[in-house]
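Visitor: The following block contains the structure, expressed as structure tokens.
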Amino acid sequence: MMKIVVIHGQNHKGSTWNVANIFLQDITGEKEVKEFFMPRDLNHFCTGCYSCLESRKNCPFWEDKKPINDAMKEANLLILTTPNYCMMPSAPMKAFLDLFFTNWLAHKPYEEMFKKRAVVISTASGAGAGKASKLVASNLLNWGIPEVITYGISVNAINWKMLPDRKKKKIEKDMKRLATKLSRKKKVKVGVKTRILFWLYGGMQKANWGASPSEKEYWEGKGWLNGVKPWKE
Ligand SMILES: Cc1cc2nc3c(=O)[nH]c(=O)nc-3n(C[C@H](O)[C@H](O)[C@H](O)COP(=O)(O)O)c2cc1C
């Protein structure tokens with residue numbers, strides 16, 4: 001069964017949500033979908049206290065983060081959605097990414113991330129949907145997710161109701177194609193980019209350049225500084 005977690009960078013069900021919803025409907029086969037809305041389900045900003053670097057549980061917002069954290073670890077596919085706000089991802093999406101910065105390869109990445117795929121969806125009324133989605137995707141690549149697909153579309157509208165029919169048709173066609181493409185994929189392929197990032201950050205931990213000694217302990221404990229690769233069983 002395909003386990004899907006959707007993180008929406010907005011509370012409302014506008015154009016971005018609708019694009020993601022069409023995509024979800026197009027994913028065939030048995031699936032379990034968990035949706036989280038920002039800020040509804042994680043209404044905080046990172047305080048910059050760095051407590052999470054010692055242990056994720058030390059984050060003052062861990063109680064709210066844990067259900068999202070656990071669902072993301074279990075999922076096969078992550079879908080992150082954001083409207084384009086001022087040529088960037090929405091502020092709630094940025095706050096979400098900040099709150100999970102411990103996931104970065106520079107800190108304490110989860111081995112589960114190396115075995116999943118992600119799709120980032122963004123809409124803009126004019127320009128910049130591609131830009132916003134790529135900014136989110138770069139975070140996910142740095143979490144160790146090897147296959148991240150971005151879909152950004154200019155919808156020429158400020159809400160879903162105003163969307164021209166030709167745009168809706170295009171979105172439906174694109175989402176069908178994306179869902180088919182994903183259904184044909186089998187094992188997640190760990191590409192050169194992820195391997196290089198893993199090697200670079202491993203080297204950083206070996207040289208004691210990490211942000212906290214507990215990071216090196218974490219990497220050592222996993223055997224990652226001695227040849228073990230998180231994408232292998
Ligand atoms: C605060 C704010 C900033 C925006 N900035 C841009 C922008 O820089 N470029 C653009 O093309 N559209 C911009 N828009 C329009 C939205 O990106 C667009 O309407 C999007 O499809 C909204 O998605 P939603 O219906 O899911 O909220 C902005 C909208 C808001 C509310």
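Just so we're on the same page: first chain in the structure tokens is A, next is B, and so on; residues restart at 1 for each chain, and ligands are numbered from 1 in the order they show up.
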Quick one: residues within 10 Å of A:Cys59, only C-alpha atoms, excluding same-chain residues fewer than 2 positions away - as a VMD selection string?
Guide: chain A and resid 46 to 57 61 to 65 99
Visitor: Mind dumping the selected residues with N, CA and C atoms as a short mmCIF file (atom, residue, chain, number, x, y, z; two decimals), in the first residue's frame?
Guide:
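As written to disk, result13.cif reads:
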```
data_model
loop_
_atom_site.label_atom_id
_atom_site.label_comp_id
_atom_site.auth_asym_id
_atom_site.auth_seq_id
_atom_site.Cartn_x
_atom_site.Cartn_y
_atom_site.Cartn_z
N CYS A 46 10.28 28.53 14.27
CA CYS A 46 11.51 28.10 14.92
C CYS A 46 12.03 29.26 15.76
N THR A 47 12.43 28.95 17.01
CA THR A 47 12.92 30.02 17.89
C THR A 47 14.45 30.16 17.79
N GLY A 48 15.08 29.26 17.05
CA GLY A 48 16.54 29.33 16.91
C GLY A 48 17.27 28.89 18.16
N CYS A 49 16.64 28.04 18.97
CA CYS A 49 17.27 27.65 20.25
C CYS A 49 18.26 26.50 20.07
N TYR A 50 18.20 25.82 18.94
CA TYR A 50 19.08 24.70 18.61
C TYR A 50 18.92 23.48 19.53
N SER A 51 17.88 23.46 20.37
CA SER A 51 17.70 22.30 21.26
C SER A 51 17.54 21.01 20.46
N CYS A 52 16.97 21.13 19.28
CA CYS A 52 16.69 19.94 18.45
C CYS A 52 17.97 19.25 18.00
N LEU A 53 19.08 19.99 17.98
CA LEU A 53 20.33 19.37 17.52
C LEU A 53 20.81 18.31 18.51
N GLU A 54 20.52 18.50 19.80
CA GLU A 54 20.86 17.49 20.80
C GLU A 54 19.89 16.32 20.68
N SER A 55 18.61 16.65 20.64
CA SER A 55 17.58 15.63 20.47
C SER A 55 16.32 16.30 19.93
N ARG A 56 15.74 15.69 18.92
CA ARG A 56 14.53 16.29 18.32
C ARG A 56 13.45 16.54 19.38
N LYS A 57 13.42 15.65 20.37
CA LYS A 57 12.39 15.75 21.42
C LYS A 57 12.53 17.02 22.23
N PHE A 61 8.35 22.60 20.44
CA PHE A 61 7.10 22.31 19.70
C PHE A 61 6.98 20.84 19.31
N TRP A 62 7.79 19.98 19.97
CA TRP A 62 7.86 18.58 19.57
C TRP A 62 6.49 17.88 19.60
N GLU A 63 5.71 18.21 20.61
CA GLU A 63 4.40 17.57 20.75
C GLU A 63 3.56 17.75 19.47
N ASP A 64 3.61 18.95 18.92
CA ASP A 64 2.86 19.20 17.68
C ASP A 64 3.58 18.63 16.46
N LYS A 65 4.91 18.60 16.53
CA LYS A 65 5.68 18.12 15.38
C LYS A 65 5.65 16.60 15.24
N LEU A 99 11.20 24.35 10.98
CA LEU A 99 10.95 23.50 12.16
C LEU A 99 11.48 22.07 11.97
#
```
Visitor: Using only C-alpha atoms and all ligand atoms, find each protein or nucleic acid residue lying at most 12 Å from ligand 1; present the set as number ranges by chain.
Guide: A: 8-21, 37, 81-92, 121-133, 152-163, 167
Visitor: Could you name the residues that touch stretch 138-144 of chain A at 12 Å or less, counting only C-alpha atoms, but leaving out those on the same chain fewer than 5 positions away, as number ranges by chain?
Guide: A: 72-73, 77-80, 89, 93-94, 96-120, 131-133, 149-150, 188-201, 229-231
Visitor: When you count only C-alpha atoms, which of these residues is closest to A:Ile4: A:Val228, A:Ala211, A:Ile27, A:Leu135?
Guide: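 Looking at the shortest contact to A:Ile4, the residue is A:Ile27.
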Visitor: Could you list, as a list of chain:residue names, every residue within 8 Å of stretch 177-187 of chain A, counting only C-alpha atoms and ignoring same-chain residues fewer than 5 positions away?
Guide: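 Surrounding residues, per the criterion: A:Phe23, A:Asp26, A:Ile27, A:Thr28.
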Visitor: Which residues in stretch 34-189 of chain A does DSSP call alpha helix (DSSP H)? List them as a PyMOL selection string.
Guide: chain A and resi 51-54+62-74+91-99+129-142+165-184
Visitor: Closest to A:Gly29 among A:Gly227, A:Ile7, A:Met2, A:Lys170, using only C-alpha atoms?
Guide: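 With only C-alpha atoms as the atom set, the closest residue is A:Met2.
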Visitor: Between atom CA of A:Ile22 and atom CA of A:Lys173, what is the distance in Å, rounded to a tenth?
Guide: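 Computing it gives 9.9 Å between the two atoms.
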Visitor: Per DSSP on the backbone, what are the strand (DSSP E or B) residues of stretch 13-216 of chain A, as a PyMOL selection string?
Guide: chain A and resi 31-37+77-83+85+88+117-124+147-154
Visitor: Would you mind exporting the chosen residues as a PDB file, in the first residue's frame, restricted to C-alpha atoms?
Guide:
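This is the output file part_29.pdb:
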```pdb
ATOM      1  CA  LYS A  31      -3.370   4.212  -0.737  1.00  0.00           C
ATOM      2  CA  GLU A  32      -3.483   5.857   2.663  1.00  0.00           C
ATOM      3  CA  VAL A  33      -3.432   9.648   2.645  1.00  0.00           C
ATOM      4  CA  LYS A  34      -2.629  11.865   5.617  1.00  0.00           C
ATOM      5  CA  GLU A  35      -2.965  15.600   5.095  1.00  0.00           C
ATOM      6  CA  PHE A  36      -1.486  18.302   7.284  1.00  0.00           C
ATOM      7  CA  PHE A  37      -2.248  21.972   6.855  1.00  0.00           C
ATOM      8  CA  LEU A  77       5.509   9.580  -0.968  1.00  0.00           C
ATOM      9  CA  LEU A  78       5.574  13.125   0.393  1.00  0.00           C
ATOM     10  CA  ILE A  79       3.629  15.853  -1.346  1.00  0.00           C
ATOM     11  CA  LEU A  80       4.341  19.438  -0.357  1.00  0.00           C
ATOM     12  CA  THR A  81       2.156  22.217  -1.690  1.00  0.00           C
ATOM     13  CA  THR A  82       2.528  25.961  -1.579  1.00  0.00           C
ATOM     14  CA  PRO A  83       1.065  28.962  -3.325  1.00  0.00           C
ATOM     15  CA  TYR A  85       3.808  34.336  -2.352  1.00  0.00           C
ATOM     16  CA  MET A  88       8.736  32.393  -2.712  1.00  0.00           C
ATOM     17  CA  ARG A 117       9.901  10.139  -3.310  1.00  0.00           C
ATOM     18  CA  ALA A 118       8.487  13.629  -3.067  1.00  0.00           C
ATOM     19  CA  VAL A 119       6.405  15.880  -5.257  1.00  0.00           C
ATOM     20  CA  VAL A 120       6.262  19.633  -4.728  1.00  0.00           C
ATOM     21  CA  ILE A 121       3.288  21.501  -6.173  1.00  0.00           C
ATOM     22  CA  SER A 122       3.032  25.251  -6.455  1.00  0.00           C
ATOM     23  CA  THR A 123       0.681  27.674  -8.166  1.00  0.00           C
ATOM     24  CA  ALA A 124       1.134  31.350  -8.998  1.00  0.00           C
ATOM     25  CA  GLU A 147      13.733  11.730  -6.175  1.00  0.00           C
ATOM     26  CA  VAL A 148      11.936  15.051  -5.901  1.00  0.00           C
ATOM     27  CA  ILE A 149       9.631  16.136  -8.705  1.00  0.00           C
ATOM     28  CA  THR A 150       8.436  19.731  -8.928  1.00  0.00           C
ATOM     29  CA  TYR A 151       5.266  20.983 -10.582  1.00  0.00           C
ATOM     30  CA  GLY A 152       4.733  24.710 -10.784  1.00  0.00           C
ATOM     31  CA  ILE A 153       1.926  26.274 -12.761  1.00  0.00           C
ATOM     32  CA  SER A 154       0.802  29.760 -13.504  1.00  0.00           C
TER      33      SER A 154
END
```
Visitor: Separation of atom CA of A:Glu172 and atom CA of A:Leu24, in Å?
Guide: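 Interatomic distance, atom CA of A:Glu172 to atom CA of A:Leu24: 11.3 Å.
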Visitor: Measuring between only C-alpha atoms, which one of A:Ala95, A:Met175, A:Ile68, A:Met1 shows the shortest distance to A:His44?
Guide: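 Nearest to A:His44: A:Ala95.
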